[in-house]
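Asks: File final08.txt below, compact mmCIF, C-alpha atoms:
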# COMPACT_ATOMS: atom_id res chain seq x y z
CA MET E 1 -8.04 10.09 -10.37
CA VAL E 2 -10.55 9.94 -13.20
CA PHE E 3 -13.74 7.85 -13.35
CA PRO E 4 -14.47 7.75 -17.10
CA ASP E 5 -18.05 7.03 -18.18
CA TYR E 6 -16.92 3.98 -20.16
CA TYR E 7 -15.79 2.32 -16.86
CA PHE E 8 -19.30 2.61 -15.40
CA PHE E 9 -21.26 -0.65 -15.40
CA ALA E 10 -24.82 -1.08 -14.15
CA GLU E 11 -25.67 -4.34 -12.42
CA ARG E 12 -22.00 -5.25 -11.99
CA CYS E 13 -19.77 -5.60 -8.93
CA LEU E 14 -16.03 -6.23 -8.51
CA VAL E 15 -15.42 -8.95 -5.93
CA ASN E 16 -12.31 -10.03 -3.96
CA HIS E 17 -10.75 -6.53 -3.84
CA THR E 18 -12.82 -4.60 -1.27
CA ILE E 19 -10.64 -2.61 1.14
CA GLU E 20 -13.32 -0.55 2.89
CA LYS E 21 -17.10 -0.43 3.20
CA LYS E 22 -19.01 2.74 4.05
CA ARG E 23 -22.61 3.87 4.07
CA VAL E 24 -23.25 6.96 1.92
CA ASN E 25 -26.14 9.12 0.71
CA ASN E 26 -25.43 8.89 -3.03
CA LEU E 27 -22.97 7.81 -5.73
CA ASP E 28 -21.11 11.14 -5.61
CA ASP E 29 -20.37 10.58 -1.91
CA CYS E 30 -19.08 7.10 -2.74
CA GLU E 31 -16.72 8.53 -5.39
CA LEU E 32 -15.51 11.11 -2.89
CA MET E 33 -14.74 8.33 -0.39
CA CYS E 34 -12.64 6.66 -3.09
CA TYR E 35 -10.76 9.90 -3.78
CA LEU E 36 -9.97 10.19 -0.06
CA ASN E 37 -8.60 6.64 0.24
CA ASP E 38 -5.07 6.42 -1.22
CA ASP E 39 -5.50 2.75 -2.16
CA CYS E 40 -8.92 3.03 -3.85
CA VAL E 41 -9.10 2.72 -7.65
CA SER E 42 -12.69 1.49 -8.15
CA LEU E 43 -15.95 1.18 -6.26
CA ASN E 44 -19.16 -0.79 -5.98
CA PHE E 45 -22.30 1.21 -5.16
CA LYS E 46 -25.46 -0.53 -3.94
CA LYS E 47 -28.13 1.34 -5.85
CA ASP E 48 -31.26 0.39 -3.92
CA PRO E 49 -31.57 2.31 -0.63
CA GLU E 50 -31.89 0.38 2.61
CA ASP E 51 -33.61 1.30 5.86
CA GLU E 52 -30.29 2.32 7.41
CA GLU E 53 -28.85 5.85 7.39
CA PRO E 54 -27.07 6.72 5.19
CA PRO E 55 -29.08 4.48 2.86
CA HIS E 56 -26.50 3.20 0.32
CA LEU E 57 -23.57 0.82 0.69
CA CYS E 58 -20.28 1.95 -0.87
CA GLU E 59 -17.46 -0.59 -1.31
CA LEU E 60 -13.99 0.74 -2.11
CA ASN E 61 -11.68 -1.52 -4.12
CA ASN E 62 -7.89 -1.63 -4.54
CA ALA E 63 -8.10 -3.03 -8.10
CA THR E 64 -10.03 -2.44 -11.31
CA HIS E 65 -11.88 -4.62 -13.79
CA LEU E 66 -9.08 -4.06 -16.32
CA LYS E 67 -6.65 -6.22 -14.38
CA TYR E 68 -9.22 -8.57 -12.81
CA ASP E 69 -11.94 -8.91 -15.45
CA SER E 70 -13.05 -12.32 -14.10
CA ASP E 71 -13.80 -10.69 -10.71
CA LEU E 72 -16.34 -8.30 -12.28
CA ILE E 73 -19.55 -10.24 -11.70
CA THR E 74 -23.19 -9.59 -12.47
CA ASP E 75 -25.14 -8.30 -9.47
CA ALA E 76 -28.43 -6.47 -10.08
CA ASN E 77 -28.08 -4.55 -6.80
CA PHE E 78 -24.87 -2.67 -7.68
CA TYR E 79 -23.24 -0.14 -9.96
CA TYR E 80 -19.52 -0.49 -10.60
CA ARG E 81 -17.22 2.52 -11.24
CA GLY E 82 -13.64 2.01 -12.31
CA SER E 83 -10.95 4.65 -12.58
CA LYS E 84 -8.01 4.98 -14.89
CA ASN E 85 -5.39 3.07 -12.94
CA ALA E 86 -1.79 3.64 -14.03
CA CYS E 87 -0.70 0.79 -11.75
CA ASP E 88 -2.60 -1.78 -13.85
CA LYS E 89 -0.67 -1.09 -17.04
CA SER E 90 2.77 -2.34 -16.04
CA PRO E 91 4.66 -2.91 -12.82
CA HIS E 92 6.44 0.41 -12.24
CA CYS E 93 7.40 -0.04 -8.61
CA GLU E 94 10.24 -2.32 -7.55
CA ASN E 95 11.17 -4.31 -4.43
CA ASN E 96 7.57 -5.08 -3.38
CA ALA E 97 6.68 -1.39 -3.22
CA THR E 98 3.01 -0.39 -3.29
CA CYS E 99 1.86 1.38 -6.45
CA GLN E 100 -0.83 4.01 -5.87
CA SER E 101 -2.74 5.45 -8.80
CA GLY E 102 -2.93 9.23 -9.17
CA PHE E 103 -0.91 11.70 -7.07
CA THR E 104 1.67 12.75 -9.71
CA LEU E 105 1.85 13.88 -13.33
CA LYS E 106 2.94 10.38 -14.35
CA GLY E 107 -0.30 9.03 -12.85
CA TYR E 108 1.05 6.98 -9.93
CA ARG E 109 3.49 6.94 -7.03
CA CYS E 110 5.48 4.18 -5.38
CA LEU E 111 5.36 3.71 -1.60
CA CYS E 112 8.68 2.12 -0.69
CA PRO E 113 9.00 -0.64 1.91
CA PRO E 114 11.55 -0.12 4.68
CA GLY E 115 15.11 -0.26 3.36
CA PHE E 116 14.38 1.20 -0.10
CA GLU E 117 14.04 4.65 -1.65
CA GLY E 118 13.87 6.34 -5.04
CA GLU E 119 11.12 7.16 -7.50
CA TYR E 120 10.50 3.45 -8.18
CA CYS E 121 11.93 2.18 -4.84
CA GLU E 122 14.87 0.89 -6.86
CA LYS E 123 17.60 2.10 -4.50
CA ASP E 124 18.70 0.07 -1.50
CA ILE E 125 19.30 2.25 1.57
CA ASP E 126 22.63 1.56 3.29
CA GLU E 127 21.38 1.24 6.85
CA CYS E 128 24.98 0.97 8.12
CA LYS E 129 25.57 4.62 7.30
CA GLY E 130 24.24 6.89 10.00
CA ASN E 131 22.08 5.48 12.78
CA HIS E 132 21.71 1.72 13.04
CA SER E 133 21.00 -0.81 15.77
CA CYS E 134 24.44 -2.46 15.91
CA HIS E 135 26.51 -2.33 19.09
CA GLU E 136 29.80 -0.41 19.10
CA ASN E 137 31.65 -3.76 19.24
CA ALA E 138 29.72 -5.16 16.28
CA LYS E 139 30.18 -4.97 12.54
CA CYS E 140 27.24 -3.64 10.52
CA THR E 141 26.77 -5.28 7.13
CA ASN E 142 24.31 -3.77 4.67
CA THR E 143 22.11 -6.27 2.81
CA ILE E 144 19.31 -5.66 0.33
CA GLY E 145 16.52 -3.96 2.23
CA LEU E 146 18.04 -4.28 5.71
CA HIS E 147 21.25 -4.73 7.69
CA VAL E 148 22.90 -7.42 9.82
CA CYS E 149 24.86 -6.91 13.03
CA ASP E 150 27.62 -9.39 13.99
CA CYS E 151 29.76 -9.11 17.10
CA GLN E 152 33.43 -8.59 16.32
CA PRO E 153 35.97 -11.36 17.10
CA GLY E 154 36.44 -11.73 20.86
CA TYR E 155 32.87 -10.61 21.58
CA THR E 156 29.65 -12.57 21.85
CA GLY E 157 26.03 -11.54 21.59
CA ASN E 158 23.31 -10.83 19.06
CA GLY E 159 25.05 -7.88 17.39
CA GLN E 160 22.90 -5.34 19.18
CA ASN E 161 24.50 -6.28 22.51
CA CYS E 162 28.08 -7.57 22.44
CA THR E 163 30.17 -8.53 25.46
CA GLY E 164 33.55 -10.17 25.59
CA GLU E 165 37.05 -10.59 26.92
CA PHE E 166 38.25 -7.29 25.41
CA ASP E 167 35.55 -5.28 27.18
CA SER E 168 37.71 -3.84 29.98
CA HIS E 169 35.45 -0.86 30.58
CA LYS E 170 32.18 -2.72 30.96
CA ARG E 171 29.09 -0.62 31.10
CA SER E 172 26.03 -1.48 33.11
CA SER E 173 23.74 -1.29 30.07
CA TYR E 174 23.87 -0.68 26.29
CA VAL E 175 21.33 1.46 24.52
CA CYS E 176 20.96 0.78 20.81
Spell out the structure here as structure tokens.
Replies:
Amino acid sequence: MVFPDYYFFAERCLVNHTIEKKRVNNLDDCELMCYLNDDCVSLNFKKDPEDEEPPHLCELNNATHLKYDSDLITDANFYYRGSKNACDKSPHCENNATCQSGFTLKGYRCLCPPGFEGEYCEKDIDECKGNHSCHENAKCTNTIGLHVCDCQPGYTGNGQNCTGEFDSHKRSSYVC
């Protein structure tokens, strides 16, 4: 992550995107806090010390002024620092994945939601292959991002537990 000098604004503050607030000793500590938070791409630093220890307020943001220029407001108490955010340029990640700036040579990574994988989270995982939650007397059907369990003909239940007329060797309990 890079905080270029031309993304430093005195008496400015990005609103509506704060993900964490911390008290710090100086601006360098605030930048370090941003580096340590995977979702941070900009920060607001309250420049005038307060009576509390540590004396400065540091607000970490999950967006930059480049994408949300109207949220960069004038506030004489703050400095704003934005980073180069590869996630602002174009939507790289698919299927509601989270784009995180930095981490790789391409400048971002995609965190896939359950049911998806791949560099851009573009691949649907077939949950019916391997371990799944369907009962042995149920059919597993893969859908985009998840799977559905339906009891086979002659059986009733929610797909995770199926009982029926063909169940001659009934078990006391089913573990899915």
Asks: Show me as a PyMOL selection string the residues that reach within 9 Å of (35.7, -5.2, 16.3), counting all atoms listed in the file and using the file's own coordinates.
Replies: chain E and resi 136-139+151-155
Asks: Suppose you want the space between CA of Tyr68 (chain E) and CA of Glu117 (chain E); what is it in Å?
Replies: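 Separation between CA of Tyr68 (chain E) and CA of Glu117 (chain E): 29.0 Å.
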Asks: Using all atoms listed in the file, determine which residues lie at most 10 Å from region 85-97 of chain E, disregarding the query and same-chain residues fewer than 5 positions distant; provide the list as a PyMOL selection string.
Replies: chain E and resi 1-3+40-42+62-68+102+106-124+144-145
Asks: Skipping near chain neighbours, those fewer than 4 positions away, what residues fall within 8 Å of Val15 (chain E) using all atoms listed in the file, listed as a ChimeraX atom specification?
Replies: /E:71-73
Asks: If I take CA of Arg23 (chain E) and CA of Thr74 (chain E), how far is one from the other in Å, to one decimal?
Replies: 21.3 Å
Asks: May I have the residues within 8 Å of Tyr79 (chain E) as a list in words, using only C-alpha atoms and disregarding those fewer than 3 positions away in the same chain?
Replies: Phe8, Phe9, Ala10, Glu11, Arg12, Cys13, Asn44, Phe45, Lys46 and Lys47 of chain E
Asks: Put those residues in a file: C-alpha atoms, as a PDB file, in the coordinates of the input.
Replies:
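Generated file (again.pdb):
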ATOM      1  CA  PHE E   8     -19.300   2.610 -15.400  1.00  0.00           C
ATOM      2  CA  PHE E   9     -21.260  -0.650 -15.400  1.00  0.00           C
ATOM      3  CA  ALA E  10     -24.820  -1.080 -14.150  1.00  0.00           C
ATOM      4  CA  GLU E  11     -25.670  -4.340 -12.420  1.00  0.00           C
ATOM      5  CA  ARG E  12     -22.000  -5.250 -11.990  1.00  0.00           C
ATOM      6  CA  CYS E  13     -19.770  -5.600  -8.930  1.00  0.00           C
ATOM      7  CA  ASN E  44     -19.160  -0.790  -5.980  1.00  0.00           C
ATOM      8  CA  PHE E  45     -22.300   1.210  -5.160  1.00  0.00           C
ATOM      9  CA  LYS E  46     -25.460  -0.530  -3.940  1.00  0.00           C
ATOM     10  CA  LYS E  47     -28.130   1.340  -5.850  1.00  0.00           C
TER      11      LYS E  47
END
Asks: Report the distance between CA of Asp39 (chain E) and CA of Asp51 (chain E) in Å, rounded to one decimal place.
Replies: 29.3 Å
Asks: Between E:Leu36, E:Leu146, E:Leu43, E:Cys58, single out the one closest to Lys21 (chain E), counting all atoms listed in the file.
Replies: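 Checking each of E:Leu36, E:Leu146, E:Leu43, E:Cys58 against Lys21 (chain E), counting all atoms listed in the file, the winner is E:Cys58.
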